[in-house]
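> Sharing upload-v4.cif, mmCIF, C-alpha atoms and all ligand atoms:
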data_upload
#
loop_
_atom_site.group_PDB
_atom_site.id
_atom_site.type_symbol
_atom_site.label_atom_id
_atom_site.label_comp_id
_atom_site.auth_asym_id
_atom_site.auth_seq_id
_atom_site.Cartn_x
_atom_site.Cartn_y
_atom_site.Cartn_z
ATOM 1 C CA ARG Z 1 16.828 6.704 -19.531
ATOM 2 C CA LEU Z 2 13.230 5.550 -19.692
ATOM 3 C CA LEU Z 3 11.894 9.087 -19.692
ATOM 4 C CA PRO Z 4 11.501 11.256 -22.765
ATOM 5 C CA GLU Z 5 14.436 13.668 -22.882
ATOM 6 C CA ALA Z 6 12.248 16.779 -22.461
ATOM 7 C CA LEU Z 7 10.672 15.447 -19.266
ATOM 8 C CA ALA Z 8 13.942 14.094 -17.843
ATOM 9 C CA ARG Z 9 15.402 17.613 -18.058
ATOM 10 C CA ARG Z 10 12.567 19.048 -15.986
ATOM 11 C CA LEU Z 11 12.409 16.276 -13.381
ATOM 12 C CA ASP Z 12 13.822 16.388 -9.826
ATOM 13 C CA LEU Z 13 13.472 12.794 -8.617
ATOM 14 C CA HIS Z 14 14.239 11.847 -5.007
ATOM 15 C CA TRP Z 15 14.139 8.135 -4.238
ATOM 16 C CA LEU Z 16 14.122 6.994 -0.591
ATOM 17 C CA GLY Z 17 14.654 3.544 0.894
ATOM 18 C CA GLU Z 18 11.974 4.087 3.513
ATOM 19 C CA CYS Z 19 9.668 6.811 4.772
ATOM 20 C CA ALA Z 20 6.349 7.134 6.579
ATOM 21 C CA SER Z 21 4.481 8.691 3.649
ATOM 22 C CA THR Z 22 5.858 10.087 0.383
ATOM 23 C CA ASN Z 23 3.101 12.740 0.552
ATOM 24 C CA ASP Z 24 4.683 14.165 3.727
ATOM 25 C CA GLU Z 25 8.164 14.068 2.179
ATOM 26 C CA ALA Z 26 6.964 15.826 -0.981
ATOM 27 C CA MET Z 27 5.216 18.533 1.047
ATOM 28 C CA ARG Z 28 8.563 19.285 2.744
ATOM 29 C CA LEU Z 29 10.571 19.651 -0.486
ATOM 30 C CA PRO Z 30 11.740 23.093 -1.582
ATOM 31 C CA LEU Z 31 9.259 24.563 -4.050
ATOM 32 C CA PRO Z 32 10.141 23.548 -7.581
ATOM 33 C CA ASP Z 33 10.620 26.341 -10.131
ATOM 34 C CA PRO Z 34 7.606 26.756 -12.367
ATOM 35 C CA GLY Z 35 7.803 24.201 -15.113
ATOM 36 C CA ARG Z 36 9.764 21.682 -13.059
ATOM 37 C CA LEU Z 37 8.366 18.455 -11.677
ATOM 38 C CA ALA Z 38 9.518 17.354 -8.220
ATOM 39 C CA VAL Z 39 8.879 13.728 -7.267
ATOM 40 C CA VAL Z 40 9.547 11.680 -4.127
ATOM 41 C CA GLY Z 41 9.301 7.917 -4.245
ATOM 42 C CA ALA Z 42 10.048 5.228 -1.699
ATOM 43 C CA ASP Z 43 10.827 1.526 -1.772
ATOM 44 C CA ARG Z 44 8.949 1.159 1.491
ATOM 45 C CA GLN Z 45 6.233 3.289 3.059
ATOM 46 C CA THR Z 46 5.488 2.607 6.703
ATOM 47 C CA ARG Z 47 2.387 4.835 7.094
ATOM 48 C CA GLY Z 48 0.866 5.171 3.649
ATOM 49 C CA ARG Z 49 -2.585 6.712 3.823
ATOM 50 C CA GLY Z 50 -5.678 7.238 1.711
ATOM 51 C CA ARG Z 51 -8.486 9.690 2.154
ATOM 52 C CA GLN Z 52 -9.855 10.314 5.652
ATOM 53 C CA ASP Z 53 -6.809 8.641 7.165
ATOM 54 C CA ARG Z 54 -7.639 5.270 5.714
ATOM 55 C CA ILE Z 55 -4.604 3.040 5.315
ATOM 56 C CA TRP Z 56 -2.849 2.417 2.004
ATOM 57 C CA GLN Z 57 -0.961 -0.848 2.193
ATOM 58 C CA SER Z 58 2.209 -1.416 0.246
ATOM 59 C CA TRP Z 59 4.997 -3.947 0.089
ATOM 60 C CA PRO Z 60 8.660 -3.422 -0.846
ATOM 61 C CA ASP Z 61 9.281 -4.558 -4.459
ATOM 62 C CA ALA Z 62 5.570 -5.096 -5.064
ATOM 63 C CA SER Z 63 4.265 -1.527 -4.859
ATOM 64 C CA LEU Z 64 4.970 1.745 -6.590
ATOM 65 C CA THR Z 65 4.501 4.581 -4.110
ATOM 66 C CA PHE Z 66 5.404 8.134 -5.045
ATOM 67 C CA SER Z 67 4.249 11.736 -4.780
ATOM 68 C CA CYS Z 68 4.638 14.695 -7.134
ATOM 69 C CA LEU Z 69 4.925 18.259 -5.846
ATOM 70 C CA PHE Z 70 3.372 20.873 -8.100
ATOM 71 C CA ALA Z 71 3.679 24.615 -7.476
ATOM 72 C CA PHE Z 72 0.847 26.780 -8.788
ATOM 73 C CA PRO Z 73 0.405 30.548 -8.583
ATOM 74 C CA PRO Z 74 -1.990 31.554 -5.787
ATOM 75 C CA GLY Z 75 -5.584 31.348 -6.928
ATOM 76 C CA THR Z 76 -5.008 28.684 -9.616
ATOM 77 C CA SER Z 77 -8.133 26.536 -9.815
ATOM 78 C CA LEU Z 78 -7.511 22.998 -8.604
ATOM 79 C CA GLU Z 79 -11.050 21.952 -9.390
ATOM 80 C CA ALA Z 80 -11.387 18.223 -10.048
ATOM 81 C CA LEU Z 81 -7.607 17.731 -10.072
ATOM 82 C CA PRO Z 82 -7.956 14.164 -8.655
ATOM 83 C CA LEU Z 83 -10.104 13.267 -11.660
ATOM 84 C CA ALA Z 84 -7.625 14.674 -14.190
ATOM 85 C CA VAL Z 85 -4.871 12.746 -12.379
ATOM 86 C CA GLY Z 86 -6.990 9.606 -12.740
ATOM 87 C CA VAL Z 87 -7.164 10.128 -16.509
ATOM 88 C CA ALA Z 88 -3.374 10.563 -16.647
ATOM 89 C CA LEU Z 89 -2.806 7.333 -14.709
ATOM 90 C CA ALA Z 90 -5.314 5.422 -16.810
ATOM 91 C CA ARG Z 91 -3.681 6.621 -20.047
ATOM 92 C CA GLY Z 92 -0.255 5.706 -18.648
ATOM 93 C CA LEU Z 93 -1.363 2.135 -17.936
ATOM 94 C CA GLN Z 94 -3.027 1.847 -21.329
ATOM 95 C CA ALA Z 95 0.215 2.986 -22.995
ATOM 96 C CA LEU Z 96 1.960 0.072 -21.239
ATOM 97 C CA GLY Z 97 -0.590 -2.269 -22.802
ATOM 98 C CA VAL Z 98 -2.879 -2.862 -19.808
ATOM 99 C CA PRO Z 99 -6.407 -3.860 -20.879
ATOM 100 C CA GLY Z 100 -9.630 -3.080 -18.997
ATOM 101 C CA VAL Z 101 -8.510 0.157 -17.333
ATOM 102 C CA GLY Z 102 -11.306 2.180 -15.732
ATOM 103 C CA LEU Z 103 -11.931 4.978 -13.253
ATOM 104 C CA LYS Z 104 -14.124 5.028 -10.178
ATOM 105 C CA TRP Z 105 -15.293 8.444 -9.084
ATOM 106 C CA PRO Z 106 -13.657 10.314 -7.542
ATOM 107 C CA ASN Z 107 -10.160 8.913 -7.074
ATOM 108 C CA ASP Z 108 -9.619 5.228 -7.830
ATOM 109 C CA LEU Z 109 -7.963 3.506 -10.751
ATOM 110 C CA LEU Z 110 -9.364 0.099 -11.660
ATOM 111 C CA ILE Z 111 -8.422 -2.817 -13.858
ATOM 112 C CA ALA Z 112 -11.308 -5.118 -14.753
ATOM 113 C CA GLY Z 113 -13.354 -3.637 -11.910
ATOM 114 C CA ALA Z 114 -10.768 -4.137 -9.137
ATOM 115 C CA LYS Z 115 -8.671 -1.391 -7.525
ATOM 116 C CA VAL Z 116 -5.077 -1.220 -8.740
ATOM 117 C CA ALA Z 117 -4.171 2.293 -7.564
ATOM 118 C CA GLY Z 118 -5.367 5.175 -5.440
ATOM 119 C CA VAL Z 119 -4.683 8.897 -5.517
ATOM 120 C CA LEU Z 120 -4.337 11.174 -2.489
ATOM 121 C CA ILE Z 121 -4.038 14.902 -3.208
ATOM 122 C CA GLU Z 122 -3.112 17.373 -0.488
ATOM 123 C CA ALA Z 123 -2.678 21.106 -0.964
ATOM 124 C CA GLN Z 124 -1.198 23.883 1.145
ATOM 125 C CA SER Z 125 -1.698 27.525 0.304
ATOM 126 C CA ARG Z 126 -0.367 30.501 2.227
ATOM 127 C CA HIS Z 127 -1.378 34.044 1.426
ATOM 128 C CA ALA Z 128 0.297 35.240 -1.799
ATOM 129 C CA ALA Z 129 2.700 32.269 -1.863
ATOM 130 C CA PRO Z 130 2.499 29.603 -4.561
ATOM 131 C CA THR Z 131 0.104 26.797 -3.726
ATOM 132 C CA ARG Z 132 1.865 23.512 -3.022
ATOM 133 C CA VAL Z 133 -0.047 20.568 -4.350
ATOM 134 C CA VAL Z 134 1.096 17.052 -3.558
ATOM 135 C CA VAL Z 135 -0.273 14.311 -5.770
ATOM 136 C CA GLY Z 136 0.374 10.946 -4.110
ATOM 137 C CA ILE Z 137 -0.042 7.694 -5.969
ATOM 138 C CA GLY Z 138 0.033 4.140 -4.738
ATOM 139 C CA LEU Z 139 -0.058 1.421 -7.386
ATOM 140 C CA ASN Z 140 0.021 -2.342 -6.877
ATOM 141 C CA LEU Z 141 2.629 -3.958 -9.128
ATOM 142 C CA GLU Z 142 2.091 -7.288 -7.401
ATOM 143 C CA LEU Z 143 0.052 -8.335 -4.367
ATOM 144 C CA PRO Z 144 0.610 -10.890 -1.619
ATOM 145 C CA PRO Z 145 -1.747 -13.812 -2.434
ATOM 146 C CA ASP Z 146 -3.702 -13.396 0.804
ATOM 147 C CA PHE Z 147 -4.248 -9.613 0.654
ATOM 148 C CA GLN Z 148 -7.717 -8.183 0.394
ATOM 149 C CA PRO Z 149 -8.681 -4.687 1.569
ATOM 150 C CA ALA Z 150 -10.945 -4.608 4.643
ATOM 151 C CA SER Z 151 -13.678 -2.785 2.749
ATOM 152 C CA GLY Z 152 -14.518 -1.416 -0.657
ATOM 153 C CA LEU Z 153 -13.548 -2.947 -3.957
ATOM 154 C CA PRO Z 154 -11.346 -6.020 -4.323
ATOM 155 C CA ALA Z 155 -7.708 -5.226 -5.048
ATOM 156 C CA THR Z 156 -5.721 -6.177 -8.107
ATOM 157 C CA ALA Z 157 -2.152 -5.695 -9.320
ATOM 158 C CA LEU Z 158 -0.507 -4.864 -12.622
ATOM 159 C CA ALA Z 159 1.182 -8.276 -12.747
ATOM 160 C CA HIS Z 160 -2.229 -9.947 -13.020
ATOM 161 C CA HIS Z 161 -2.923 -8.095 -16.257
ATOM 162 C CA LEU Z 162 0.457 -7.551 -17.903
ATOM 163 C CA ALA Z 163 3.132 -10.124 -18.653
ATOM 164 C CA PRO Z 164 5.996 -9.656 -18.380
ATOM 165 C CA LEU Z 165 5.658 -6.960 -15.729
ATOM 166 C CA PRO Z 166 7.741 -3.966 -16.897
ATOM 167 C CA PRO Z 167 10.452 -2.660 -14.541
ATOM 168 C CA ARG Z 168 9.164 -0.288 -11.862
ATOM 169 C CA GLU Z 169 11.050 2.601 -13.534
ATOM 170 C CA ALA Z 170 9.203 2.015 -16.813
ATOM 171 C CA VAL Z 171 5.836 2.135 -15.069
ATOM 172 C CA LEU Z 172 6.878 5.306 -13.228
ATOM 173 C CA ALA Z 173 8.044 6.920 -16.480
ATOM 174 C CA ALA Z 174 4.752 6.159 -18.261
ATOM 175 C CA LEU Z 175 2.794 7.753 -15.408
ATOM 176 C CA LEU Z 176 5.047 10.778 -14.866
ATOM 177 C CA GLU Z 177 4.882 11.774 -18.497
ATOM 178 C CA ARG Z 178 1.108 12.077 -18.318
ATOM 179 C CA LEU Z 179 1.039 13.567 -14.805
ATOM 180 C CA ASP Z 180 3.288 16.323 -16.106
ATOM 181 C CA ALA Z 181 0.713 17.074 -18.807
ATOM 182 C CA VAL Z 182 -1.922 17.488 -16.072
ATOM 183 C CA ARG Z 183 0.403 19.848 -14.184
ATOM 184 C CA ALA Z 184 0.967 21.952 -17.309
ATOM 185 C CA SER Z 185 -2.727 22.064 -18.140
ATOM 186 C CA TYR Z 186 -3.759 23.250 -14.639
ATOM 187 C CA LEU Z 187 -0.840 25.714 -14.591
ATOM 188 C CA ALA Z 188 -2.154 27.173 -17.853
ATOM 189 C CA GLY Z 189 -5.536 27.678 -16.148
ATOM 190 C CA ARG Z 190 -7.384 25.167 -18.292
ATOM 191 C CA GLY Z 191 -8.553 23.163 -15.281
ATOM 192 C CA PHE Z 192 -10.663 20.040 -15.681
ATOM 193 C CA VAL Z 193 -12.556 20.932 -18.872
ATOM 194 C CA PRO Z 194 -10.024 19.351 -21.293
ATOM 195 C CA TRP Z 195 -10.091 16.115 -19.246
ATOM 196 C CA ARG Z 196 -13.817 15.703 -18.847
ATOM 197 C CA ASP Z 197 -14.614 13.699 -21.982
ATOM 198 C CA GLU Z 198 -11.694 11.371 -21.394
ATOM 199 C CA TRP Z 199 -12.805 10.855 -17.792
ATOM 200 C CA ASN Z 200 -16.296 9.941 -18.945
ATOM 201 C CA ALA Z 201 -14.923 7.540 -21.547
ATOM 202 C CA LEU Z 202 -13.020 5.742 -18.759
ATOM 203 C CA ASP Z 203 -15.862 5.767 -16.188
ATOM 204 C CA ALA Z 204 -16.143 2.155 -14.993
ATOM 205 C CA TYR Z 205 -19.796 2.573 -13.931
ATOM 206 C CA ALA Z 206 -21.202 4.678 -16.763
ATOM 207 C CA GLY Z 207 -24.893 3.904 -17.219
ATOM 208 C CA GLN Z 208 -24.934 1.603 -14.179
ATOM 209 C CA GLU Z 209 -26.775 1.894 -10.912
ATOM 210 C CA VAL Z 210 -24.557 3.134 -8.083
ATOM 211 C CA ALA Z 211 -24.938 4.390 -4.527
ATOM 212 C CA VAL Z 212 -23.193 7.562 -3.402
ATOM 213 C CA ARG Z 213 -22.768 8.002 0.320
ATOM 214 C CA ASP Z 214 -22.217 11.414 1.860
ATOM 215 C CA GLY Z 215 -22.147 11.074 5.634
ATOM 216 C CA GLU Z 216 -25.497 9.634 6.695
ATOM 217 C CA ARG Z 217 -27.115 10.243 3.330
ATOM 218 C CA GLU Z 218 -27.055 7.676 0.536
ATOM 219 C CA LEU Z 219 -28.232 8.505 -2.957
ATOM 220 C CA VAL Z 220 -28.998 5.809 -5.489
ATOM 221 C CA GLY Z 221 -29.106 6.478 -9.202
ATOM 222 C CA ILE Z 222 -27.676 5.812 -12.634
ATOM 223 C CA ASP Z 223 -24.142 7.111 -13.172
ATOM 224 C CA ALA Z 224 -24.450 9.733 -15.954
ATOM 225 C CA GLY Z 225 -20.783 10.782 -15.917
ATOM 226 C CA VAL Z 226 -19.139 13.952 -14.620
ATOM 227 C CA ASP Z 227 -19.705 17.595 -15.492
ATOM 228 C CA ASP Z 228 -17.105 20.295 -16.285
ATOM 229 C CA THR Z 229 -16.380 20.760 -12.579
ATOM 230 C CA GLY Z 230 -15.935 17.044 -11.856
ATOM 231 C CA ARG Z 231 -19.265 16.577 -10.080
ATOM 232 C CA LEU Z 232 -20.799 13.131 -10.583
ATOM 233 C CA LEU Z 233 -24.206 13.317 -12.249
ATOM 234 C CA LEU Z 234 -26.700 10.824 -10.850
ATOM 235 C CA ASP Z 235 -30.032 10.153 -12.486
ATOM 236 C CA THR Z 236 -32.291 9.377 -9.557
ATOM 237 C CA ALA Z 237 -36.014 8.715 -9.224
ATOM 238 C CA SER Z 238 -36.447 12.419 -8.426
ATOM 239 C CA GLY Z 239 -34.318 13.786 -11.252
ATOM 240 C CA ARG Z 240 -30.663 14.497 -11.964
ATOM 241 C CA ILE Z 241 -28.444 15.285 -8.981
ATOM 242 C CA ALA Z 242 -24.849 16.550 -9.086
ATOM 243 C CA CYS Z 243 -22.628 15.122 -6.334
ATOM 244 C CA CYS Z 244 -19.615 17.172 -5.252
ATOM 245 C CA VAL Z 245 -16.255 15.599 -4.505
ATOM 246 C CA GLY Z 246 -15.834 15.710 -0.750
ATOM 247 C CA ASP Z 247 -15.890 12.978 1.784
ATOM 248 C CA VAL Z 248 -18.106 11.088 -0.581
ATOM 249 C CA SER Z 249 -17.909 7.417 -1.544
ATOM 250 C CA LEU Z 250 -19.402 5.538 -4.427
ATOM 251 C CA ARG Z 251 -20.217 1.849 -4.585
ATOM 252 C CA PRO Z 252 -21.596 -0.161 -7.454
ATOM 253 C CA LEU Z 253 -24.968 -1.837 -6.867
HETATM 254 P P1 LIG Z 301 -13.599 6.093 -1.790
HETATM 255 O O1 LIG Z 301 -14.277 5.589 -3.007
HETATM 256 O O2 LIG Z 301 -14.467 6.869 -0.884
HETATM 257 O O3 LIG Z 301 -12.308 6.780 -2.100
HETATM 258 P P2 LIG Z 301 -12.067 3.850 -0.940
HETATM 259 O O4 LIG Z 301 -12.455 2.570 -0.299
HETATM 260 O O5 LIG Z 301 -11.475 3.804 -2.293
HETATM 261 O O6 LIG Z 301 -13.306 4.788 -0.922
HETATM 262 P P3 LIG Z 301 -9.827 5.410 -0.164
HETATM 263 O O7 LIG Z 301 -9.548 6.223 1.031
HETATM 264 O O8 LIG Z 301 -9.917 6.069 -1.493
HETATM 265 O O9 LIG Z 301 -11.153 4.586 0.086
HETATM 266 O O10 LIG Z 301 -8.744 4.281 -0.261
HETATM 267 C C1 LIG Z 301 -8.264 3.632 0.858
HETATM 268 C C2 LIG Z 301 -8.818 2.231 0.834
HETATM 269 O O11 LIG Z 301 -8.142 1.488 -0.162
HETATM 270 C C3 LIG Z 301 -8.569 1.480 2.113
HETATM 271 O O12 LIG Z 301 -9.600 1.716 3.028
HETATM 272 C C4 LIG Z 301 -8.517 0.025 1.660
HETATM 273 O O13 LIG Z 301 -9.827 -0.508 1.622
HETATM 274 C C5 LIG Z 301 -8.037 0.127 0.227
HETATM 275 N N1 LIG Z 301 -6.635 -0.271 0.068
HETATM 276 C C6 LIG Z 301 -5.601 -0.081 0.910
HETATM 277 N N2 LIG Z 301 -4.451 -0.527 0.383
HETATM 278 C C7 LIG Z 301 -4.774 -1.019 -0.838
HETATM 279 C C8 LIG Z 301 -4.021 -1.625 -1.882
HETATM 280 N N3 LIG Z 301 -2.700 -1.792 -1.803
HETATM 281 N N4 LIG Z 301 -4.702 -1.998 -2.996
HETATM 282 C C9 LIG Z 301 -6.028 -1.831 -3.130
HETATM 283 N N5 LIG Z 301 -6.787 -1.270 -2.184
HETATM 284 C C10 LIG Z 301 -6.168 -0.864 -1.044
HETATM 285 C C1 LIG Z 302 -6.682 6.055 -1.846
HETATM 286 O O1 LIG Z 302 -6.931 5.048 -2.497
HETATM 287 O O2 LIG Z 302 -7.438 6.595 -1.062
HETATM 288 C C2 LIG Z 302 -5.420 6.781 -2.028
HETATM 289 C C3 LIG Z 302 -4.208 5.991 -1.728
HETATM 290 C C4 LIG Z 302 -2.990 6.835 -2.002
HETATM 291 C C5 LIG Z 302 -1.733 6.145 -1.596
HETATM 292 C C6 LIG Z 302 -0.503 6.912 -1.999
HETATM 293 S S1 LIG Z 302 0.974 5.964 -1.798
HETATM 294 C C7 LIG Z 302 1.953 7.386 -2.059
HETATM 295 C C8 LIG Z 302 1.272 8.496 -1.302
HETATM 296 N N1 LIG Z 302 1.659 8.495 0.087
HETATM 297 C C9 LIG Z 302 0.627 8.253 0.892
HETATM 298 O O3 LIG Z 302 0.690 8.207 2.147
HETATM 299 N N2 LIG Z 302 -0.499 8.087 0.181
HETATM 300 C C10 LIG Z 302 -0.236 8.213 -1.242
#
Turn this file's structure into structure tokens for me.
Ligand code: ATP
Ligand code: BTN

Amino acid sequence: RLLPEALARRLDLHWLGECASTNDEAMRLPLPDPGRLAVVGADRQTRGRGRQDRIWQSWPDASLTFSCLFAFPPGTSLEALPLAVGVALARGLQALGVPGVGLKWPNDLLIAGAKVAGVLIEAQSRHAAPTRVVVGIGLNLELPPDFQPASGLPATALAHHLAPLPPREAVLAALLERLDAVRASYLAGRGFVPWRDEWNALDAYAGQEVAVRDGERELVGIDAGVDDTGRLLLDTASGRIACCVGDVSLRPL
């Protein structure tokens, strides 16, 4: 009911009471026909994860945890997909009236500088078969008063920035509409290019000094935005460096 008619017709939504991780459930779904959007959500996730097996914490009734399964023809470029997904989520929150929405490279969604949501993308491709891409999203609707993540940015929740808090289904609908646009754009082979300017406009650290850690190496420079392939451009003392998305972390200085 909350979804635009055209999207509702294309959506296969599976809602579970409990599961370990909606990303695993989505990966197991039958492949959706091209043009359809398959989504698995759960009231309660017992083993939600972030990148590099970090833990994503969620609470029944206070968190929105779901994963979309996209099917792309073999060879479709997935370049910078996490960044395009970030733009879709940011636009979804803005459409609900949330102020101060920003993005942290490569995969975090912020409100007023604190982390409100994370994105975990996993892909599986077998020779000549469509590539399965699972886009998992965890968003804090509310937070227990004593919760703070062990490391990284402070956490925030939608309820701290939006009153009254819309029903969970309304938040999901606002996000799915824009995630489906990302799916269609990558399916059409347009990749990240159409999303780049919007990403840069939402970059929470644009023009600020940041540190990018890649394994043992840490690079410090001014965040100059992302290029057409989603690499973060850093203006350092020894010139401009492009950082690839990988097991790379950014922190503000
Ligand atoms: P990076 O920038 O490298 O992605 P990150 O700290 O954002 O670093 P991720 O793997 O993206 O790391 O996200 C997982 C991290 O998110 C956890 O290590 C934890 O610090 C934090 N976290 C876990 N649950 C929540 C939550 N509900 N809200 C906000 N932050 C959370
Ligand atoms: C991050 O910040 O690193 C990403 C967190 C992603 C969490 C979501 S919750 C739904 C989906 N299932 C998971 O196990 N992870 C993602």
> Mind telling me what the PyMOL selection byres (((not hetatm)) within 7 of (chain Z and resi 301)) catches here, as an NGL selection string?
:Z and (50-52 or 54-58 or 105-108 or 115-118 or 139-140 or 149-156 or 247-250)
> If the PyMOL selection byres (((not hetatm)) within 6 of (chain Z and resi 302)) were run on this exact file, what residues would it hold? Put them as a PyMOL selection string.
chain Z and resi 21-23+48-51+56+65-67+108+118-120+136-138
> Using only C-alpha atoms, which residues sit within 12 Å of segment 2-5 of chain Z once same-chain residues fewer than 5 positions away are excluded, as number ranges by chain?
Z: 10-11, 13, 166-178, 180
> What are the closest atom pairs, with distances in Å to one decimal, for all residues of segment 45-82 of chain Z lying within 9 Å of segment 212-234 of chain Z? Consider all atoms listed in the file, order rows by chain and residue number, and present the result as CSV.

residue,atom,partner,partner_atom,distance
Z:Glu79,CA,Z:Thr229,CA,6.3
Z:Ala80,CA,Z:Gly230,CA,5.0
Z:Leu81,CA,Z:Gly230,CA,8.5
> Between atom CA of His161 of chain Z and atom CA of Ala84 of chain Z, measure the distance and give it in Å to one decimal.
23.3 Å
> List the residues sitting within 8 Å of (-19.1, 4.2, -16.3) in the file's frame, using all atoms listed in the file, as a PyMOL selection string.
chain Z and resi 103-104+200-208+223-225
> Which value, in Å to one decimal, gives the distance between atom CA of Ala129 of chain Z and atom CA of Arg28 of chain Z?
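Pair atom CA of Ala129 of chain Z / atom CA of Arg28 of chain Z returns 15.0 Å.
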> Given the PyMOL selection byres (((chain Z and resi 33) around 12) and not hetatm) and the file above, list the residues it selects as a PyMOL selection string.
chain Z and resi 10-12+29-32+34-38+69-73+130+132
> Could you put an axis-aligned box around every listed atom of segment 35-48 of chain Z, padded by 4 Å on each side, and send me its centre and edge lengths in Å to one decimal, as JSON?

{"center_x": 5.8, "center_y": 12.7, "center_z": -4.0, "size_x": 18.0, "size_y": 31.0, "size_z": 30.2}
